[in-house]
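Shown here: my_file-v3.cif, mmCIF, C-alpha atoms; chains and numbers go by the auth columns.
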data_start
#
loop_
_atom_site.group_PDB
_atom_site.id
_atom_site.type_symbol
_atom_site.label_atom_id
_atom_site.label_comp_id
_atom_site.label_asym_id
_atom_site.label_seq_id
_atom_site.Cartn_x
_atom_site.Cartn_y
_atom_site.Cartn_z
_atom_site.B_iso_or_equiv
_atom_site.auth_seq_id
_atom_site.auth_asym_id
ATOM 1 C CA MET A 1 1.862 -19.824 -7.680 0.00 44 S
ATOM 2 C CA GLY A 2 -0.979 -17.570 -6.523 0.00 45 S
ATOM 3 C CA LYS A 3 -3.466 -15.450 -8.450 0.00 46 S
ATOM 4 C CA ILE A 4 -5.640 -12.534 -7.373 0.00 47 S
ATOM 5 C CA GLY A 5 -7.409 -9.699 -9.190 0.00 48 S
ATOM 6 C CA PHE A 6 -7.543 -5.973 -8.477 0.00 49 S
ATOM 7 C CA GLY A 7 -9.622 -3.145 -9.848 0.00 50 S
ATOM 8 C CA GLY A 8 -9.868 0.416 -8.716 0.00 51 S
ATOM 9 C CA GLY A 9 -8.184 2.927 -10.917 0.00 52 S
ATOM 10 C CA CYS A 10 -7.006 2.777 -14.469 0.00 53 S
ATOM 11 C CA HIS A 11 -5.746 -0.685 -15.335 0.00 54 S
ATOM 12 C CA TRP A 12 -2.600 0.869 -16.838 0.00 55 S
ATOM 13 C CA CYS A 13 -1.766 2.270 -13.400 0.00 56 S
ATOM 14 C CA THR A 14 -2.612 -0.925 -11.555 0.00 57 S
ATOM 15 C CA GLU A 15 -0.615 -3.003 -14.030 0.00 58 S
ATOM 16 C CA ALA A 16 2.509 -0.848 -13.493 0.00 59 S
ATOM 17 C CA VAL A 17 2.210 -1.039 -9.706 0.00 60 S
ATOM 18 C CA TYR A 18 2.197 -4.833 -9.685 0.00 61 S
ATOM 19 C CA GLN A 19 4.756 -5.226 -12.471 0.00 62 S
ATOM 20 C CA SER A 20 7.152 -3.308 -10.212 0.00 63 S
ATOM 21 C CA LEU A 21 7.142 -5.886 -7.417 0.00 64 S
ATOM 22 C CA ILE A 22 9.421 -8.849 -6.821 0.00 65 S
ATOM 23 C CA GLY A 23 7.636 -12.180 -6.822 0.00 66 S
ATOM 24 C CA VAL A 24 5.086 -11.041 -9.403 0.00 67 S
ATOM 25 C CA HIS A 25 5.549 -13.122 -12.536 0.00 68 S
ATOM 26 C CA LEU A 26 2.703 -11.867 -14.706 0.00 69 S
ATOM 27 C CA VAL A 27 0.150 -9.068 -14.651 0.00 70 S
ATOM 28 C CA GLU A 28 -2.757 -9.495 -17.029 0.00 71 S
ATOM 29 C CA GLN A 29 -4.451 -6.188 -17.782 0.00 72 S
ATOM 30 C CA GLY A 30 -8.034 -5.890 -18.983 0.00 73 S
ATOM 31 C CA TRP A 31 -11.585 -6.074 -17.640 0.00 74 S
ATOM 32 C CA ALA A 32 -13.106 -8.209 -14.893 0.00 75 S
ATOM 33 C CA SER A 33 -16.671 -9.086 -14.021 0.00 76 S
ATOM 34 C CA SER A 34 -18.292 -10.781 -11.066 0.00 77 S
ATOM 35 C CA THR A 35 -21.863 -11.609 -10.090 0.00 78 S
ATOM 36 C CA GLY A 36 -25.086 -9.681 -9.532 0.00 79 S
ATOM 37 C CA SER A 37 -24.807 -5.905 -9.831 0.00 80 S
ATOM 38 C CA ASN A 38 -21.056 -6.347 -10.432 0.00 81 S
ATOM 39 C CA SER A 39 -21.535 -8.404 -13.597 0.00 82 S
ATOM 40 C CA ASP A 40 -20.589 -5.547 -15.945 0.00 83 S
ATOM 41 C CA PHE A 41 -16.939 -5.485 -16.927 0.00 84 S
ATOM 42 C CA SER A 42 -14.693 -2.993 -15.124 0.00 85 S
ATOM 43 C CA GLU A 43 -10.983 -2.210 -15.590 0.00 86 S
ATOM 44 C CA ALA A 44 -8.815 -4.630 -13.617 0.00 87 S
ATOM 45 C CA VAL A 45 -5.666 -6.731 -13.509 0.00 88 S
ATOM 46 C CA ILE A 46 -4.964 -10.336 -12.606 0.00 89 S
ATOM 47 C CA VAL A 47 -1.716 -10.720 -10.664 0.00 90 S
ATOM 48 C CA HIS A 48 0.181 -14.028 -10.834 0.00 91 S
ATOM 49 C CA PHE A 49 2.712 -14.207 -8.010 0.00 92 S
ATOM 50 C CA ASP A 50 5.004 -16.455 -6.018 0.00 93 S
ATOM 51 C CA GLU A 51 3.529 -16.674 -2.525 0.00 94 S
ATOM 52 C CA SER A 52 6.929 -17.631 -1.096 0.00 95 S
ATOM 53 C CA ILE A 53 8.332 -14.261 -2.235 0.00 96 S
ATOM 54 C CA ILE A 54 5.433 -11.838 -1.763 0.00 97 S
ATOM 55 C CA ALA A 55 2.403 -12.412 0.443 0.00 98 S
ATOM 56 C CA THR A 56 -1.183 -12.007 -0.719 0.00 99 S
ATOM 57 C CA SER A 57 -1.737 -9.670 2.229 0.00 100 S
ATOM 58 C CA ILE A 58 0.970 -7.303 0.976 0.00 101 S
ATOM 59 C CA LEU A 59 -0.554 -7.264 -2.509 0.00 102 S
ATOM 60 C CA ILE A 60 -3.946 -6.373 -1.009 0.00 103 S
ATOM 61 C CA ASN A 61 -2.480 -3.625 1.171 0.00 104 S
ATOM 62 C CA ILE A 62 -0.661 -2.153 -1.817 0.00 105 S
ATOM 63 C CA HIS A 63 -3.923 -2.145 -3.747 0.00 106 S
ATOM 64 C CA LEU A 64 -5.783 -0.267 -1.026 0.00 107 S
ATOM 65 C CA HIS A 65 -3.048 2.379 -0.820 0.00 108 S
ATOM 66 C CA THR A 66 -2.457 2.944 -4.547 0.00 109 S
ATOM 67 C CA HIS A 67 -5.964 3.838 -5.691 0.00 110 S
ATOM 68 C CA SER A 68 -8.876 5.847 -4.313 0.00 111 S
ATOM 69 C CA CYS A 69 -10.363 3.040 -2.248 0.00 112 S
ATOM 70 C CA THR A 70 -12.668 5.452 -0.383 0.00 113 S
ATOM 71 C CA SER A 71 -13.995 7.479 -3.310 0.00 114 S
ATOM 72 C CA LEU A 72 -17.485 6.976 -4.766 0.00 115 S
ATOM 73 C CA HIS A 73 -16.704 9.113 -7.825 0.00 116 S
ATOM 74 C CA HIS A 74 -18.894 9.125 -10.940 0.00 117 S
ATOM 75 C CA LEU A 75 -16.628 6.696 -12.858 0.00 118 S
ATOM 76 C CA ARG A 76 -16.870 3.831 -10.337 0.00 119 S
ATOM 77 C CA ASP A 77 -18.710 1.647 -12.864 0.00 120 S
ATOM 78 C CA LYS A 78 -15.693 1.744 -15.169 0.00 121 S
ATOM 79 C CA TYR A 79 -13.199 1.729 -12.305 0.00 122 S
ATOM 80 C CA ARG A 80 -14.812 -0.560 -9.722 0.00 123 S
ATOM 81 C CA SER A 81 -12.837 -0.653 -6.471 0.00 124 S
ATOM 82 C CA ALA A 82 -12.562 -4.403 -6.022 0.00 125 S
ATOM 83 C CA ILE A 83 -10.460 -7.351 -5.010 0.00 126 S
ATOM 84 C CA TYR A 84 -11.329 -10.293 -7.266 0.00 127 S
ATOM 85 C CA THR A 85 -10.783 -13.583 -5.486 0.00 128 S
ATOM 86 C CA TYR A 86 -10.465 -17.189 -6.602 0.00 129 S
ATOM 87 C CA ASN A 87 -11.633 -18.968 -3.435 0.00 130 S
ATOM 88 C CA ASN A 88 -13.344 -18.454 -0.081 0.00 131 S
ATOM 89 C CA GLN A 89 -10.065 -18.366 1.847 0.00 132 S
ATOM 90 C CA GLN A 90 -8.753 -15.516 -0.320 0.00 133 S
ATOM 91 C CA ALA A 91 -12.059 -13.653 0.062 0.00 134 S
ATOM 92 C CA ALA A 92 -12.001 -13.974 3.851 0.00 135 S
ATOM 93 C CA MET A 93 -8.404 -12.737 3.973 0.00 136 S
ATOM 94 C CA ALA A 94 -9.230 -9.747 1.755 0.00 137 S
ATOM 95 C CA LYS A 95 -12.213 -8.770 3.926 0.00 138 S
ATOM 96 C CA GLU A 96 -10.096 -9.030 7.071 0.00 139 S
ATOM 97 C CA ILE A 97 -7.320 -6.879 5.579 0.00 140 S
ATOM 98 C CA ILE A 98 -9.816 -4.237 4.458 0.00 141 S
ATOM 99 C CA GLU A 99 -11.257 -4.137 7.971 0.00 142 S
ATOM 100 C CA LYS A 100 -7.808 -3.820 9.570 0.00 143 S
ATOM 101 C CA SER A 101 -6.708 -1.202 7.017 0.00 144 S
ATOM 102 C CA GLN A 102 -9.675 1.074 7.670 0.00 145 S
ATOM 103 C CA LYS A 103 -7.640 2.819 10.388 0.00 146 S
ATOM 104 C CA ASP A 104 -5.327 4.163 7.643 0.00 147 S
ATOM 105 C CA PHE A 105 -8.145 6.125 5.980 0.00 148 S
ATOM 106 C CA ASP A 106 -10.391 8.996 7.088 0.00 149 S
ATOM 107 C CA GLU A 107 -13.287 7.860 4.877 0.00 150 S
ATOM 108 C CA ALA A 108 -14.884 4.414 4.693 0.00 151 S
ATOM 109 C CA ILE A 109 -13.190 1.943 2.346 0.00 152 S
ATOM 110 C CA ILE A 110 -15.619 1.065 -0.454 0.00 153 S
ATOM 111 C CA THR A 111 -13.533 -1.726 -2.003 0.00 154 S
ATOM 112 C CA LYS A 112 -15.650 -4.809 -2.681 0.00 155 S
ATOM 113 C CA VAL A 113 -14.415 -8.369 -2.347 0.00 156 S
ATOM 114 C CA LEU A 114 -15.886 -10.262 -5.286 0.00 157 S
ATOM 115 C CA PRO A 115 -15.443 -13.667 -6.899 0.00 158 S
ATOM 116 C CA LEU A 116 -13.822 -13.352 -10.311 0.00 159 S
ATOM 117 C CA ILE A 117 -16.284 -14.727 -12.853 0.00 160 S
ATOM 118 C CA SER A 118 -14.815 -13.538 -16.144 0.00 161 S
ATOM 119 C CA PHE A 119 -11.764 -11.658 -17.429 0.00 162 S
ATOM 120 C CA LYS A 120 -11.044 -10.150 -20.853 0.00 163 S
ATOM 121 C CA LEU A 121 -7.453 -9.268 -21.721 0.00 164 S
ATOM 122 C CA ASN A 122 -6.802 -5.814 -23.190 0.00 165 S
ATOM 123 C CA SER A 123 -5.544 -5.345 -26.762 0.00 166 S
ATOM 124 C CA PRO A 124 -1.817 -6.094 -27.170 0.00 167 S
ATOM 125 C CA GLU A 125 -0.890 -2.467 -27.944 0.00 168 S
ATOM 126 C CA PHE A 126 -2.095 -1.405 -24.468 0.00 169 S
ATOM 127 C CA LEU A 127 -0.396 -4.158 -22.470 0.00 170 S
ATOM 128 C CA ASN A 128 2.762 -3.336 -20.509 0.00 171 S
ATOM 129 C CA TYR A 129 1.633 0.268 -20.891 0.00 172 S
ATOM 130 C CA TYR A 130 3.986 1.935 -18.442 0.00 173 S
ATOM 131 C CA TYR A 131 7.139 -0.041 -19.067 0.00 174 S
ATOM 132 C CA ALA A 132 6.722 0.206 -22.854 0.00 175 S
ATOM 133 C CA ASP A 133 7.100 4.009 -22.617 0.00 176 S
ATOM 134 C CA PRO A 134 7.353 5.509 -19.109 0.00 177 S
ATOM 135 C CA GLN A 135 7.929 8.988 -20.555 0.00 178 S
ATOM 136 C CA ARG A 136 4.307 9.360 -21.714 0.00 179 S
ATOM 137 C CA GLN A 137 2.511 12.267 -20.048 0.00 180 S
ATOM 138 C CA PHE A 138 -0.118 9.890 -18.638 0.00 181 S
ATOM 139 C CA CYS A 139 2.617 7.805 -17.020 0.00 182 S
ATOM 140 C CA LYS A 140 4.351 10.836 -15.529 0.00 183 S
ATOM 141 C CA ARG A 141 1.129 12.304 -14.180 0.00 184 S
ATOM 142 C CA TYR A 142 -0.717 9.237 -12.871 0.00 185 S
ATOM 143 C CA ILE A 143 1.604 6.247 -12.610 0.00 186 S
ATOM 144 C CA ASP A 144 4.854 7.775 -11.341 0.00 187 S
ATOM 145 C CA PRO A 145 3.238 9.008 -8.086 0.00 188 S
ATOM 146 C CA LYS A 146 1.973 5.472 -7.378 0.00 189 S
ATOM 147 C CA LEU A 147 5.433 4.037 -8.001 0.00 190 S
ATOM 148 C CA GLN A 148 6.929 6.723 -5.759 0.00 191 S
ATOM 149 C CA TYR A 149 4.515 5.614 -3.031 0.00 192 S
ATOM 150 C CA LEU A 150 5.848 2.060 -3.439 0.00 193 S
ATOM 151 C CA MET A 151 9.426 3.318 -3.238 0.00 194 S
ATOM 152 C CA ASP A 152 8.604 5.188 -0.029 0.00 195 S
ATOM 153 C CA ASN A 153 6.573 2.423 1.642 0.00 196 S
ATOM 154 C CA TYR A 154 7.346 -0.990 0.109 0.00 197 S
ATOM 155 C CA THR A 155 11.081 -0.883 -0.599 0.00 198 S
ATOM 156 C CA LYS A 156 11.654 -4.563 0.249 0.00 199 S
ATOM 157 C CA GLN A 157 9.025 -5.675 -2.267 0.00 200 S
ATOM 158 C CA LEU A 158 10.291 -3.600 -5.211 0.00 201 S
ATOM 159 C CA ASP A 159 12.070 -4.838 -8.295 0.00 202 S
ATOM 160 C CA LYS A 160 14.737 -2.155 -8.102 0.00 203 S
ATOM 161 C CA ASP A 161 16.033 -2.875 -11.615 0.00 204 S
ATOM 162 C CA LYS A 162 12.698 -1.831 -13.087 0.00 205 S
ATOM 163 C CA LEU A 163 12.516 1.393 -11.090 0.00 206 S
ATOM 164 C CA LYS A 164 16.076 2.675 -11.665 0.00 207 S
ATOM 165 C CA GLY A 165 14.949 5.669 -13.725 0.00 208 S
ATOM 166 C CA LEU A 166 12.290 6.918 -11.362 0.00 209 S
#
Would you give me this structure, written as structure tokens?
Amino acid sequence: MGKIGFGGGCHWCTEAVYQSLIGVHLVEQGWASSTGSNSDFSEAVIVHFDESIIATSILINIHLHTHSCTSLHHLRDKYRSAIYTYNNQQAAMAKEIIEKSQKDFDEAIITKVLPLISFKLNSPEFLNYYYADPQRQFCKRYIDPKLQYLMDNYTKQLDKDKLKGL
């Protein structure tokens, strides 16, 4: 079983993206911190997955394409664009994938590869945000387009039972 963290947009959005994939067994939603100037907590998820079903590289590519990985907007402290890794091998892979993925974007990718130092789980009432009530306006406006992107580009990795209503 593998683990990797992602931050970039709202953790409700990121949680729904990864909950929609086969091979993902658990998505913890909350706040992550790293070292140095990245020691403040920022919205993130920890993805627990079966590496024999879905590759780490696919999870990283999905992350880069489902949030604004090139935008230095004013809320980047709260929504740090990051891949939180658990070891040097994972970090090296993430850096390599970011470099190879740059061709897909007009602007420079700003996503940082950081060691995960600490994680705080969100309050229970905010966990499983999308799948608890996908009809919420927030879900329709922000999460559904990300799930549509998955349906258009990552069909083989989708848990089709979860996405029947979309």
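For the residues S:Asn104, S:Asn196, S:Thr57, S:Ser124, ranking by smallest atom-to-atom distance to S:Gly73 using only C-alpha atoms places S:Thr57 first.
Taking only C-alpha atoms into account, S:Ile47 lies nearest to S:Thr128 out of the set S:Ser82, S:Gln180, S:Asn165, S:Thr128.
Closest to S:Lys205 among S:Phe181, S:Tyr173, S:Tyr127, S:Trp55 is S:Tyr173, based on all atoms listed in the file.
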From the set S:Gln132, S:Met44, S:Gly50, S:Glu150, which residue has the shortest atom-to-atom contact distance to S:Glu94, counting all atoms listed in the file? S:Met44
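When atom CA of S:Gly48 is paired with atom CA of S:Leu170, their separation reads 16.0 Å.
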Hey, what's within 9 Å of S:Ile153 if we count all atoms listed in the file and toss same-chain stuff fewer than 4 positions away? As a PyMOL selection string, please? chain S and resi 112-115+124-125
Between S:Leu107, S:Tyr61, S:His54, S:Lys155, which has the minimum distance to S:Asn81 (counting only C-alpha atoms)? S:Lys155
Could you pull the residues within 9 Å of S:Glu71, counting all atoms listed in the file, minus those fewer than 4 positions along the same chain, as a VMD selection string? chain S and resid 58 87 to 91 164 to 165 170 to 171
Report the distance between atom CA of S:Phe148 and atom CA of S:His106 in Å, rounded to one decimal place. 13.4 Å
